[in-house]
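J.: Below is start-v3.txt; it holds compact mmCIF, C-alpha atoms and all ligand atoms.
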# COMPACT_ATOMS: atom_id res chain seq x y z
CA MET A 1179 -30.87 225.34 57.95
CA THR A 1180 -29.23 227.68 60.39
CA TYR A 1181 -32.25 229.64 61.61
CA PRO A 1182 -33.75 228.47 64.90
CA MET A 1183 -37.29 227.11 64.50
CA SER A 1184 -39.55 224.53 66.10
CA ASP A 1185 -39.92 220.97 64.82
CA GLU A 1186 -43.42 221.85 63.62
CA ASP A 1187 -42.09 224.81 61.62
CA ARG A 1188 -39.38 222.67 60.10
CA GLU A 1189 -41.90 220.00 59.15
CA ILE A 1190 -44.11 222.58 57.41
CA GLN A 1191 -41.09 223.94 55.56
CA ALA A 1192 -40.01 220.45 54.44
CA LYS A 1193 -43.51 219.55 53.23
CA ALA A 1194 -43.82 222.79 51.25
CA ARG A 1195 -40.41 222.24 49.71
CA ALA A 1196 -41.24 218.69 48.66
CA PHE A 1197 -44.53 219.85 47.13
CA VAL A 1198 -42.86 222.61 45.09
CA ASP A 1199 -40.15 220.15 44.00
CA GLU A 1200 -42.94 218.10 42.40
CA LEU A 1201 -44.04 221.13 40.32
CA ILE A 1202 -40.62 222.34 39.18
CA PRO A 1203 -40.21 219.76 36.37
CA PHE A 1204 -43.32 221.25 34.66
CA GLU A 1205 -41.86 224.75 34.35
CA PRO A 1206 -40.53 224.63 30.76
CA GLU A 1207 -43.80 223.11 29.53
CA ALA A 1208 -45.80 225.81 31.36
CA GLU A 1209 -43.54 228.50 29.89
CA MET A 1210 -44.43 227.31 26.39
CA ASN A 1211 -48.16 227.05 27.21
CA GLY A 1212 -49.09 230.45 28.59
CA GLY A 1213 -48.19 229.36 32.11
CA GLU A 1214 -50.76 226.55 32.12
CA LEU A 1215 -50.12 223.20 33.77
CA PRO A 1216 -51.62 220.15 32.04
CA PRO A 1217 -55.18 219.86 33.49
CA GLU A 1218 -54.53 216.51 35.21
CA VAL A 1219 -51.35 217.88 36.83
CA LEU A 1220 -53.21 220.98 38.03
CA LYS A 1221 -55.98 218.83 39.50
CA GLN A 1222 -53.45 216.65 41.26
CA ALA A 1223 -51.58 219.69 42.59
CA GLU A 1224 -54.81 221.16 43.98
CA ALA A 1225 -55.62 217.86 45.67
CA ARG A 1226 -52.10 217.75 47.16
CA VAL A 1227 -52.55 221.27 48.55
CA ARG A 1228 -55.69 220.14 50.40
CA GLU A 1229 -54.05 216.90 51.55
CA LEU A 1230 -51.05 218.82 52.95
CA GLY A 1231 -53.30 221.35 54.72
CA PHE A 1232 -51.91 224.23 52.64
CA GLU A 1233 -55.29 225.65 51.55
CA ALA A 1234 -55.99 229.03 53.21
CA ILE A 1235 -53.02 228.69 55.60
CA ASN A 1236 -53.49 232.34 56.59
CA MET A 1237 -57.09 231.96 57.74
CA PRO A 1238 -58.16 231.08 61.29
CA LYS A 1239 -58.64 227.41 62.15
CA GLU A 1240 -62.13 228.06 63.51
CA LEU A 1241 -63.18 229.15 60.01
CA GLY A 1242 -61.65 226.08 58.43
CA GLY A 1243 -58.31 227.66 57.52
CA GLY A 1244 -54.83 226.45 58.36
CA GLY A 1245 -54.29 228.87 61.24
CA PHE A 1246 -50.57 229.07 60.47
CA THR A 1247 -48.44 231.62 62.31
CA THR A 1248 -47.06 234.43 60.15
CA PHE A 1249 -43.64 232.78 60.40
CA GLN A 1250 -45.04 229.47 59.15
CA GLN A 1251 -46.77 231.27 56.27
CA VAL A 1252 -43.45 232.83 55.34
CA LEU A 1253 -41.81 229.39 55.34
CA VAL A 1254 -44.46 228.13 52.92
CA GLN A 1255 -44.39 231.22 50.70
CA GLU A 1256 -40.62 231.01 50.50
CA GLN A 1257 -40.99 227.59 48.92
CA VAL A 1258 -43.77 228.89 46.64
CA GLY A 1259 -41.20 231.38 45.34
CA ARG A 1260 -38.84 228.58 44.24
CA ALA A 1261 -41.02 227.66 41.25
CA THR A 1262 -41.26 229.85 38.14
CA ASN A 1263 -44.43 230.57 36.15
CA ALA A 1264 -46.44 230.99 39.39
CA LEU A 1265 -46.94 227.22 39.39
CA ALA A 1266 -47.07 227.12 43.18
CA TRP A 1267 -49.81 229.75 43.37
CA VAL A 1268 -52.10 226.73 43.78
CA ILE A 1269 -51.30 227.43 47.42
CA HIS A 1270 -53.93 230.12 47.72
CA THR A 1271 -54.19 232.68 50.52
CA PRO A 1272 -57.54 234.52 50.72
CA ALA A 1273 -57.94 238.04 52.10
CA SER A 1274 -57.00 237.48 55.74
CA TRP A 1275 -58.39 240.87 56.84
CA LEU A 1276 -61.88 240.00 55.60
CA PRO A 1277 -63.39 237.84 58.39
CA ALA A 1278 -62.90 240.68 60.90
CA VAL A 1279 -65.12 243.03 58.86
CA ALA A 1280 -67.34 240.75 56.75
CA THR A 1281 -71.05 240.49 57.52
CA ASP A 1282 -72.69 237.08 58.06
CA TYR A 1283 -74.01 237.29 54.51
CA GLN A 1284 -70.56 238.03 53.10
CA MET A 1285 -69.02 235.26 55.21
CA GLU A 1286 -71.42 232.64 53.89
CA ARG A 1287 -71.51 233.82 50.29
CA TRP A 1288 -67.81 234.49 49.70
CA VAL A 1289 -65.43 234.01 52.62
CA ARG A 1290 -66.17 230.44 53.71
CA PRO A 1291 -66.28 229.02 50.15
CA THR A 1292 -62.92 230.74 49.53
CA ILE A 1293 -61.39 229.07 52.57
CA THR A 1294 -62.56 225.67 51.34
CA GLY A 1295 -61.08 226.37 47.92
CA GLU A 1296 -64.39 226.60 46.01
CA LEU A 1297 -64.03 230.32 45.16
CA ARG A 1298 -61.16 232.61 44.18
CA GLU A 1299 -60.95 236.39 44.43
CA CYS A 1300 -59.18 239.26 42.68
CA TYR A 1301 -58.55 242.93 43.44
CA ALA A 1302 -59.56 245.92 41.29
CA ILE A 1303 -57.90 248.94 42.87
CA THR A 1304 -55.28 250.36 40.45
CA GLU A 1305 -56.34 252.61 37.56
CA GLU A 1306 -54.57 254.03 34.54
CA GLY A 1307 -54.00 257.28 36.43
CA ALA A 1308 -53.70 255.91 39.98
CA GLY A 1309 -51.23 253.25 41.11
CA SER A 1310 -48.75 254.38 43.75
CA ASP A 1311 -51.11 257.21 44.62
CA VAL A 1312 -54.18 255.11 45.40
CA ASP A 1313 -56.02 258.20 46.56
CA GLY A 1314 -55.95 259.37 42.94
CA ILE A 1315 -58.57 256.81 41.87
CA THR A 1316 -61.52 258.18 39.92
CA ALA A 1317 -63.82 255.14 40.22
CA THR A 1318 -67.09 256.12 41.88
CA ALA A 1319 -69.75 254.54 44.06
CA ARG A 1320 -73.08 256.36 44.08
CA ARG A 1321 -75.68 255.41 46.67
CA GLU A 1322 -79.14 254.99 45.11
CA GLY A 1323 -81.74 253.75 47.60
CA ASP A 1324 -80.65 250.34 48.88
CA ASP A 1325 -78.03 249.96 46.14
CA TYR A 1326 -74.70 251.37 45.08
CA VAL A 1327 -73.96 252.08 41.42
CA LEU A 1328 -70.30 251.55 40.59
CA ASN A 1329 -68.29 253.01 37.73
CA GLY A 1330 -64.59 252.92 36.88
CA VAL A 1331 -61.91 251.26 34.77
CA LYS A 1332 -59.36 249.17 36.66
CA TRP A 1333 -55.94 248.07 35.47
CA HIS A 1334 -53.81 244.99 36.17
CA VAL A 1335 -56.63 242.99 37.81
CA THR A 1336 -54.56 239.91 38.62
CA SER A 1337 -56.32 236.53 38.37
CA PHE A 1338 -59.56 238.04 37.02
CA ASN A 1339 -59.71 235.14 34.52
CA LEU A 1340 -59.54 232.57 37.33
CA SER A 1341 -61.71 234.31 39.93
CA GLU A 1342 -65.37 234.10 40.87
CA TYR A 1343 -65.49 237.43 42.68
CA VAL A 1344 -63.74 240.78 42.79
CA PHE A 1345 -63.00 243.53 45.32
CA PHE A 1346 -63.61 246.95 43.82
CA GLN A 1347 -62.33 250.17 45.40
CA ALA A 1348 -64.03 253.49 44.63
CA LYS A 1349 -64.63 256.96 45.98
CA LEU A 1350 -68.11 257.72 47.26
CA ALA A 1351 -69.93 260.09 44.92
CA ASN A 1352 -72.63 261.21 47.35
CA GLY A 1353 -73.79 260.94 50.95
CA PRO A 1354 -72.13 261.99 54.22
CA HIS A 1355 -68.81 260.35 53.29
CA ALA A 1356 -68.61 261.70 49.73
CA GLY A 1357 -65.01 261.74 48.47
CA SER A 1358 -63.79 259.03 50.83
CA HIS A 1359 -62.97 255.45 49.85
CA ALA A 1360 -65.22 252.41 49.99
CA MET A 1361 -64.62 248.79 49.02
CA PHE A 1362 -67.19 246.48 47.48
CA ILE A 1363 -67.33 242.76 46.84
CA MET A 1364 -69.22 241.23 43.90
CA ASP A 1365 -69.23 238.26 41.54
CA VAL A 1366 -67.22 238.80 38.37
CA ASP A 1367 -70.29 238.05 36.22
CA THR A 1368 -72.32 240.90 37.74
CA PRO A 1369 -73.96 242.84 34.87
CA GLY A 1370 -71.87 245.85 33.83
CA ILE A 1371 -68.45 244.25 34.44
CA ARG A 1372 -66.47 243.58 31.27
CA VAL A 1373 -62.90 242.88 30.25
CA VAL A 1374 -61.66 245.73 28.07
CA ARG A 1375 -58.46 243.94 27.04
CA THR A 1376 -55.95 241.42 28.33
CA PRO A 1377 -52.44 242.80 27.77
CA ALA A 1378 -49.39 240.52 27.61
CA TYR A 1379 -46.88 240.92 30.45
CA SER A 1380 -43.21 239.98 30.85
CA HIS A 1381 -43.94 236.78 32.77
CA THR A 1382 -45.75 233.72 31.45
CA ILE A 1383 -48.35 232.73 34.02
CA ALA A 1384 -51.88 231.37 33.85
CA HIS A 1385 -53.20 234.31 35.89
CA HIS A 1386 -53.98 237.23 33.56
CA HIS A 1387 -54.05 240.92 34.51
CA PRO A 1388 -56.80 242.45 32.35
CA VAL A 1389 -58.09 245.98 32.17
CA VAL A 1390 -61.63 245.68 33.53
CA ALA A 1391 -64.47 248.20 33.12
CA PHE A 1392 -67.22 248.60 35.70
CA GLU A 1393 -70.10 250.34 33.95
CA ASP A 1394 -73.17 251.20 36.04
CA VAL A 1395 -72.68 248.05 38.09
CA ARG A 1396 -75.56 247.94 40.55
CA VAL A 1397 -74.91 246.07 43.81
CA PRO A 1398 -77.00 245.97 47.00
CA ALA A 1399 -75.61 247.81 50.04
CA SER A 1400 -74.90 244.36 51.52
CA HIS A 1401 -71.90 244.26 49.14
CA LEU A 1402 -70.14 247.14 50.89
CA ILE A 1403 -67.18 245.88 52.94
CA GLY A 1404 -67.10 247.41 56.41
CA THR A 1405 -68.42 250.94 56.41
CA GLU A 1406 -68.27 253.91 54.05
CA GLY A 1407 -64.86 255.58 54.32
CA GLU A 1408 -62.99 252.44 55.42
CA GLY A 1409 -61.84 251.42 51.93
CA MET A 1410 -58.20 252.45 52.36
CA THR A 1411 -57.78 250.58 55.65
CA PHE A 1412 -58.28 247.20 54.00
CA ALA A 1413 -55.84 247.99 51.20
CA HIS A 1414 -53.15 248.88 53.77
CA GLU A 1415 -53.73 245.69 55.71
CA TRP A 1416 -53.37 243.64 52.55
CA PHE A 1417 -50.28 245.54 51.36
CA ARG A 1418 -48.50 244.82 54.64
CA TYR A 1419 -49.23 241.11 54.39
CA GLU A 1420 -48.34 240.81 50.72
CA ARG A 1421 -45.12 242.81 51.09
CA LEU A 1422 -43.83 240.34 53.64
CA MET A 1423 -44.83 237.40 51.45
CA ILE A 1424 -43.11 239.00 48.44
CA GLY A 1425 -40.00 239.12 50.61
CA ALA A 1426 -40.43 235.41 51.36
CA ARG A 1427 -41.02 234.41 47.72
CA SER A 1428 -38.03 236.50 46.63
CA CYS A 1429 -35.84 234.56 49.07
CA GLY A 1430 -37.15 231.27 47.68
CA ALA A 1431 -36.44 232.36 44.12
CA ALA A 1432 -32.91 233.45 45.05
CA GLU A 1433 -32.19 230.15 46.78
CA ARG A 1434 -33.37 228.16 43.78
CA LEU A 1435 -31.21 230.28 41.46
CA ILE A 1436 -28.15 229.94 43.68
CA ASP A 1437 -28.61 226.15 43.85
CA GLU A 1438 -28.99 225.82 40.08
CA VAL A 1439 -26.16 228.14 39.20
CA THR A 1440 -23.74 226.64 41.73
CA ALA A 1441 -24.33 223.19 40.22
CA PHE A 1442 -23.76 224.61 36.75
CA ALA A 1443 -20.57 226.39 37.79
CA GLY A 1444 -19.23 223.09 39.12
CA GLU A 1445 -19.89 221.25 35.83
CA ARG A 1446 -19.40 223.72 33.02
CA ARG A 1447 -15.80 223.83 31.90
CA ALA A 1448 -14.02 226.68 30.10
CA TYR A 1449 -10.31 226.91 29.42
CA GLY A 1450 -9.90 223.41 30.86
CA LYS A 1451 -11.45 224.08 34.27
CA PRO A 1452 -14.94 224.29 35.78
CA ILE A 1453 -16.02 227.94 35.60
CA GLY A 1454 -16.59 227.87 39.38
CA HIS A 1455 -12.81 227.81 39.64
CA TYR A 1456 -12.62 231.43 38.43
CA GLN A 1457 -12.94 234.25 40.94
CA GLY A 1458 -15.12 236.26 38.56
CA ILE A 1459 -17.76 233.55 38.96
CA GLN A 1460 -17.04 232.86 42.64
CA PHE A 1461 -17.62 236.49 43.58
CA MET A 1462 -21.02 236.52 41.94
CA LEU A 1463 -21.99 233.37 43.82
CA ALA A 1464 -20.61 234.68 47.11
CA ASP A 1465 -22.43 238.01 46.82
CA SER A 1466 -25.67 236.20 45.97
CA LEU A 1467 -25.49 233.85 48.93
CA THR A 1468 -24.55 236.62 51.35
CA GLU A 1469 -27.41 238.83 50.22
CA LEU A 1470 -29.86 235.92 50.37
CA TRP A 1471 -28.92 235.27 53.98
CA ALA A 1472 -29.41 238.91 54.91
CA ALA A 1473 -32.81 239.01 53.18
CA ARG A 1474 -33.92 235.76 54.77
CA LEU A 1475 -32.97 236.90 58.26
CA MET A 1476 -34.98 240.09 57.74
CA THR A 1477 -37.98 238.21 56.40
CA TYR A 1478 -38.02 235.62 59.17
CA ARG A 1479 -37.50 238.19 61.90
CA ALA A 1480 -40.21 240.52 60.54
CA ALA A 1481 -42.64 237.58 60.49
CA GLN A 1482 -41.82 236.55 64.03
CA ALA A 1483 -42.19 240.13 65.23
CA ILE A 1484 -45.75 240.13 63.84
CA ASP A 1485 -46.46 236.86 65.68
CA GLU A 1486 -45.13 238.48 68.85
CA GLY A 1487 -47.61 241.35 68.38
CA VAL A 1488 -45.22 244.18 67.55
CA ASP A 1489 -46.83 247.60 67.00
CA ARG A 1490 -48.57 247.91 63.60
CA LYS A 1491 -46.55 250.92 62.50
CA ILE A 1492 -43.34 249.01 63.14
CA GLN A 1493 -44.77 246.05 61.21
CA HIS A 1494 -45.55 248.44 58.37
CA ALA A 1495 -41.97 249.72 58.20
CA GLN A 1496 -40.42 246.28 58.61
CA CYS A 1497 -42.60 244.72 55.90
CA SER A 1498 -41.60 247.55 53.55
CA MET A 1499 -37.90 247.09 54.36
CA THR A 1500 -38.24 243.35 53.79
CA LYS A 1501 -39.97 243.75 50.44
CA LEU A 1502 -37.56 246.43 49.30
CA TYR A 1503 -34.40 244.54 50.18
CA ALA A 1504 -35.50 241.00 49.32
CA SER A 1505 -37.06 241.89 45.95
CA GLU A 1506 -34.04 243.93 44.88
CA MET A 1507 -31.72 241.19 46.15
CA ALA A 1508 -33.56 238.54 44.09
CA ASN A 1509 -33.30 240.70 40.97
CA ARG A 1510 -29.55 241.05 41.46
CA VAL A 1511 -29.24 237.29 41.98
CA ALA A 1512 -31.25 236.59 38.80
CA ASP A 1513 -29.09 238.97 36.79
CA ARG A 1514 -25.91 237.24 38.01
CA ALA A 1515 -27.45 233.81 37.36
CA VAL A 1516 -28.12 234.73 33.72
CA GLN A 1517 -24.50 235.90 33.46
CA ILE A 1518 -23.11 232.69 34.93
CA PHE A 1519 -25.27 230.51 32.67
CA GLY A 1520 -23.96 232.48 29.70
CA GLY A 1521 -25.96 231.97 26.48
CA ARG A 1522 -28.06 229.29 28.14
CA GLY A 1523 -29.25 231.90 30.62
CA TYR A 1524 -30.99 233.70 27.76
CA MET A 1525 -33.07 230.66 26.78
CA ARG A 1526 -36.64 230.44 27.98
CA GLU A 1527 -36.11 226.82 28.95
CA ASN A 1528 -33.57 228.03 31.52
CA VAL A 1529 -34.69 228.86 35.06
CA ALA A 1530 -32.53 232.00 35.24
CA GLU A 1531 -34.08 233.48 32.10
CA ARG A 1532 -37.58 232.94 33.49
CA PHE A 1533 -36.77 234.36 36.92
CA TYR A 1534 -34.94 237.31 35.32
CA ARG A 1535 -38.26 238.37 33.79
CA GLU A 1536 -40.58 237.18 36.53
CA LEU A 1537 -38.82 238.77 39.48
CA ARG A 1538 -38.92 242.23 37.94
CA VAL A 1539 -42.50 242.75 39.02
CA GLU A 1540 -41.63 242.15 42.68
CA ARG A 1541 -40.07 245.65 42.62
CA LEU A 1542 -43.30 247.11 41.22
CA TRP A 1543 -46.46 245.57 42.62
CA GLU A 1544 -47.81 246.07 46.13
CA GLY A 1545 -45.92 249.36 46.09
CA THR A 1546 -42.82 250.09 44.00
CA SER A 1547 -39.34 250.18 45.55
CA GLU A 1548 -39.59 253.97 45.62
CA ILE A 1549 -42.87 253.81 47.54
CA GLN A 1550 -41.32 251.38 50.05
CA ARG A 1551 -38.48 253.88 50.55
CA VAL A 1552 -41.00 256.68 51.09
CA ILE A 1553 -42.75 254.59 53.78
CA ILE A 1554 -39.48 253.59 55.46
CA ALA A 1555 -38.14 257.15 55.53
CA ASP A 1556 -41.45 258.44 56.90
CA GLN A 1557 -41.34 255.89 59.73
CA LEU A 1558 -37.67 256.66 60.39
CA PHE A 1559 -38.46 260.36 60.93
CA LYS A 1560 -41.44 259.51 63.14
CA ARG A 1561 -40.01 256.70 65.25
CA GLY A 1562 -36.22 256.58 64.87
CA ALA A 1563 -33.87 253.77 63.91
CA GLN A 1564 -33.75 252.22 67.39
CA THR A 1565 -37.50 251.56 67.38
CA LEU A 1566 -37.59 250.19 63.85
CA VAL A 1567 -34.48 248.02 63.69
CA GLY A 1568 -32.99 248.02 67.21
C1 LIG A 1601 -48.26 242.26 36.96
C2 LIG A 1601 -49.00 243.25 37.79
C3 LIG A 1601 -50.07 242.83 38.56
C4 LIG A 1601 -50.79 243.74 39.34
N1 LIG A 1601 -51.90 243.30 40.02
C5 LIG A 1601 -52.73 244.21 40.58
C6 LIG A 1601 -53.99 243.81 41.12
O1 LIG A 1601 -54.33 242.63 41.15
N2 LIG A 1601 -54.83 244.77 41.58
C7 LIG A 1601 -54.49 246.08 41.57
O2 LIG A 1601 -55.30 246.89 42.01
N3 LIG A 1601 -53.27 246.50 41.11
C8 LIG A 1601 -52.41 245.60 40.60
N4 LIG A 1601 -51.19 245.99 40.08
C9 LIG A 1601 -50.83 247.41 40.13
C10 LIG A 1601 -49.60 247.71 40.94
O3 LIG A 1601 -49.85 247.66 42.30
C11 LIG A 1601 -49.08 249.09 40.47
O4 LIG A 1601 -48.57 248.91 39.16
C12 LIG A 1601 -48.04 249.68 41.37
O5 LIG A 1601 -48.56 250.01 42.62
C13 LIG A 1601 -47.41 250.93 40.76
O6 LIG A 1601 -48.38 251.80 40.27
P1 LIG A 1601 -48.26 252.35 38.77
O7 LIG A 1601 -48.00 251.20 37.88
O8 LIG A 1601 -49.46 253.16 38.47
O9 LIG A 1601 -46.97 253.25 38.76
P2 LIG A 1601 -46.94 254.83 39.09
O10 LIG A 1601 -47.63 255.09 40.37
O11 LIG A 1601 -47.42 255.55 37.87
O12 LIG A 1601 -45.40 255.07 39.25
C14 LIG A 1601 -44.54 255.34 38.14
C15 LIG A 1601 -43.14 255.59 38.70
O13 LIG A 1601 -43.16 256.73 39.57
C16 LIG A 1601 -42.61 256.40 40.83
N5 LIG A 1601 -43.24 257.17 41.88
C17 LIG A 1601 -44.56 257.37 42.09
N6 LIG A 1601 -44.75 258.13 43.19
C18 LIG A 1601 -43.52 258.39 43.69
C19 LIG A 1601 -43.04 259.12 44.82
N7 LIG A 1601 -43.87 259.69 45.69
N8 LIG A 1601 -41.70 259.19 45.03
C20 LIG A 1601 -40.84 258.58 44.16
N9 LIG A 1601 -41.24 257.89 43.08
C21 LIG A 1601 -42.56 257.78 42.85
C22 LIG A 1601 -42.87 254.90 40.96
O14 LIG A 1601 -42.02 254.29 41.90
C23 LIG A 1601 -42.62 254.42 39.54
O15 LIG A 1601 -41.23 254.28 39.36
C24 LIG A 1601 -50.41 245.09 39.35
C25 LIG A 1601 -49.31 245.51 38.60
C26 LIG A 1601 -48.62 244.61 37.83
C27 LIG A 1601 -47.45 245.10 37.00
For this file, write the structure as C-alpha cells.
Ligand SMILES: Cc1cc2nc3c(=O)[nH]c(=O)nc-3n(C[C@H](O)[C@H](O)[C@H](O)COP(=O)(O)OP(=O)(O)OC[C@H]3O[C@@H](n4cnc5c(N)ncnc54)[C@H](O)[C@@H]3O)c2cc1C
T.:
Amino acid sequence: MTYPMSDEDREIQAKARAFVDELIPFEPEAEMNGGELPPEVLKQAEARVRELGFEAINMPKELGGGGFTTFQQVLVQEQVGRATNALAWVIHTPASWLPAVATDYQMERWVRPTITGELRECYAITEEGAGSDVDGITATARREGDDYVLNGVKWHVTSFNLSEYVFFQAKLANGPHAGSHAMFIMDVDTPGIRVVRTPAYSHTIAHHHPVVAFEDVRVPASHLIGTEGEGMTFAHEWFRYERLMIGARSCGAAERLIDEVTAFAGERRAYGKPIGHYQGIQFMLADSLTELWAARLMTYRAAQAIDEGVDRKIQHAQCSMTKLYASEMANRVADRAVQIFGGRGYMRENVAERFYRELRVERLWEGTSEIQRVIIADQLFKRGAQTLVG
C-alpha cells in the first residue's frame, strides 16, 4: 500500500481484508441461491464480525459502537466492496445521525439494540413518482391527538425482508408545519404496513427491495424523529455518509476485478502467448489501475477531510465527487474485466459477470450520477474550485 496511514489503520484494513477473503469462496453458491449464504456460514460470519469489532463501526464507543474514524470506516467498506452478492453486508452500519436526535425512548427501543446487532433497519423514502426529487413525495403524516397517521407507498425499500424497523419519510398533512417533511421510526410489523410486491433486480442478494404500502399506520408522537419539518436534514446526512462509502466499496470492487483479471491475463493463452502480452489487453489493465488509484486517493482524502472537521458543504461536494467518479470508474473496470475474460466473463459463476450487474446500481442509488453532478456544479458556483479541491 502506498497511501500513508497509521499502524492501527493498517491493522484494521488487514483484518477486514482477511474477513472478506473468507467470504469470497461462497459467491458462486450465493449467486445460485438468491444471494443467501448457507445458514451456518452466515452465523459464523456474524460471529466473526462481532469478534473483530466490526459491528456498528460508525457508532460512538460510548454507545457500544466501534468509534472508528471516517477514514477507518472507508478502509473497512473498501474491503466490503471486494465481495459480490453483498456477502460482506454482514458488516452493518446503523444510522449514525440518529443518536444526536433520538429521544431516550428511541435510543432504548431501537438505537442501542441496533448497535449490539439485535435489530436491523431499513429506509422508506423513495416513491414511484419521487426519487431524485425527494421533495416530490406524496406520503402523508396527519397529526391526530397524540398520534400520527401515516399513508404512502414506498419503492425500493432495501433490506425490508431482513429488518425489524423502518424509517418512513412523509409530508405533514396538517398543523403548523403542514407541507414540510417529517421522519418516523416504527417496527415493520406495525398494523397497516404491507409488502405490495417484491420485484426482481439485476443483482442477486439476500436483501430485497420491495414496494411497501403504509395504510393508515397509526404511531404515537414518540415515533417522530427530531421535530416536525426536520425530515430532509436526516436524509441529507445519510446521503453524504453513504455516498462516501459507495466510493469506498467501488474501489474495493475495482481492486478485486483488477487482481482477478490480471491473473487471468497472465495464464490464458491465445495465438501461442498469454493474452496479457497483447497491448489491447494491457491498455485495459493499465487504464483500470490508473483510474482505481485516482478514485482511491479521492476517497481516502475525502474521508480524512471529514475527520479533520472540514466544512459540511465542502464535505457534501467532495462526497458527491467521490461517489460520482469511483462508481463510474468501477463500472468501466467491470466492463473491461468482462471483455478480458471473454466468454467466461458472461458466466454467472465469474466474478466479472456478477460485478458487471451489481456495480450498475452504484450509479443510481443515493443519488444518480446526474444528481451528483448537479450538486457538484452548484457547489462550484457557490464556493469555487480552490475551496472544493484546492
Ligand atoms: C436497488 C435499489 C435500492 C434502493 N434502496 C432504497 C432504499 O432503501 N430506500 C429508498 O428510499 N430508496 C431506495 N432506492 C431509490 C434510489 O435512491 C432512487 O432510485 C434514486 O435516487 C433515483 O431515483 P429514481 O429511481 O426515482 O429516478 P428518477 O428520479 O426518476 O430519475 C430518472 C432519470 O432522470 C435523471 N434526473 C432526474 N432529475 C434530474 C436533474 N435535475 N438533472 C438531470 N437528470 C435528472 C436521473 O439521473 C435519472 O437518470 C433504491 C434504488 C435501487 C435501484
J.: Using only C-alpha atoms and all ligand atoms, which residues have at least one atom no more than 8 Å from ligand LIG 1601 (chain A)? Output them as a PyMOL selection string.
T.: chain A and resi 1300-1311+1332-1337+1379+1387+1539+1542-1549+1552
J.: When you count all atoms listed in the file, which of these residues is closest to Met1285 of chain A: A:Lys1221, A:Ala1261, A:Ser1358, A:Ile1363?
T.: A:Ile1363
J.: Rounded to one decimal place, report the atom CA of Ile1293 of chain A-atom CA of Pro1238 of chain A distance in Å.
T.: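 Spanning atom CA of Ile1293 of chain A to atom CA of Pro1238 of chain A is a straight-line distance of 9.5 Å.
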J.: Which one is closest to Gly1243 of chain A: A:Val1279, A:Gln1493, A:Asn1211, A:Val1289? Count only C-alpha atoms.
T.: A:Val1289
J.: Calculated over only C-alpha atoms, which of the candidates A:Arg1535, A:Arg1287, A:Lys1349, A:Arg1434 has the smallest distance to Ile1202 of chain A?
T.: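 So, comparing all the options, the nearest one is A:Arg1434.
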J.: Give me, as JSON lines, each residue of segment 1389-1484 of chain A that comes within 12 Å of segment 1194-1201 of chain A, together with its shortest interatomic pair and the distance in Å at one decimal, counting all atoms listed in the file, with rows ordered by chain and rising residue number.
T.:
{"residue": "A:Gly1430", "atom": "CA", "partner": "A:Arg1195", "partner_atom": "CA", "distance": 9.8}
{"residue": "A:Ala1431", "atom": "CA", "partner": "A:Val1198", "partner_atom": "CA", "distance": 11.7}
{"residue": "A:Glu1433", "atom": "CA", "partner": "A:Arg1195", "partner_atom": "CA", "distance": 11.8}
{"residue": "A:Arg1434", "atom": "CA", "partner": "A:Asp1199", "partner_atom": "CA", "distance": 10.5}
J.: From the list A:His1381, A:Ile1403, A:Thr1368, A:Arg1290, which residue is nearest Lys1239 of chain A when using all atoms listed in the file?
T.: A:Arg1290
J.: Give the answer as one residue: which of A:Ile1554, A:Leu1297, A:Val1529, A:Val1373 has the shortest atom-to-atom distance to Pro1203 of chain A, using only C-alpha atoms?
T.: A:Val1529
J.: Determine the nearest neighbour of Glu1256 of chain A from the options A:Leu1470, A:Ile1518, A:Ala1356, A:Ala1223, counting all atoms listed in the file.
T.: A:Leu1470
J.: Quick one, how far is atom CA of Thr1292 of chain A from atom CA of Val1395 of chain A?
T.: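 Taking atom CA of Thr1292 of chain A and atom CA of Val1395 of chain A, their separation equals 22.9 Å.
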J.: What does the structure give for the distance between atom CA of Ile1371 of chain A and atom CA of Val1331 of chain A, in Å to one decimal?
T.: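 Value for the atom CA of Ile1371 of chain A-atom CA of Val1331 of chain A distance: 9.6 Å.
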J.: Could you pull segment 1229-1235 of chain A out of the block above and save it with N, CA, C and O atoms, as a compact mmCIF listing (two decimals), in the first residue's frame?
T.:
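Dumped to result.txt:
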# COMPACT_ATOMS: atom_id res chain seq x y z
N GLU A 1229 -16.54 -10.56 16.79
CA GLU A 1229 -15.20 -10.88 17.32
C GLU A 1229 -14.16 -9.85 16.84
O GLU A 1229 -13.30 -9.42 17.60
N LEU A 1230 -14.29 -9.43 15.58
CA LEU A 1230 -13.32 -8.48 15.01
C LEU A 1230 -13.61 -7.03 15.42
O LEU A 1230 -12.83 -6.13 15.13
N GLY A 1231 -14.77 -6.81 16.06
CA GLY A 1231 -15.14 -5.44 16.45
C GLY A 1231 -15.64 -4.64 15.26
O GLY A 1231 -15.52 -3.41 15.23
N PHE A 1232 -16.23 -5.31 14.27
CA PHE A 1232 -16.73 -4.62 13.07
C PHE A 1232 -18.23 -4.38 13.10
O PHE A 1232 -18.81 -3.98 12.10
N GLU A 1233 -18.89 -4.62 14.22
CA GLU A 1233 -20.32 -4.33 14.33
C GLU A 1233 -20.47 -2.85 14.68
O GLU A 1233 -19.80 -2.36 15.60
N ALA A 1234 -21.28 -2.12 13.92
CA ALA A 1234 -21.55 -0.71 14.21
C ALA A 1234 -20.26 0.11 14.34
O ALA A 1234 -20.10 0.89 15.29
N ILE A 1235 -19.37 -0.05 13.38
CA ILE A 1235 -18.07 0.66 13.44
C ILE A 1235 -18.23 2.17 13.36
O ILE A 1235 -17.34 2.91 13.76
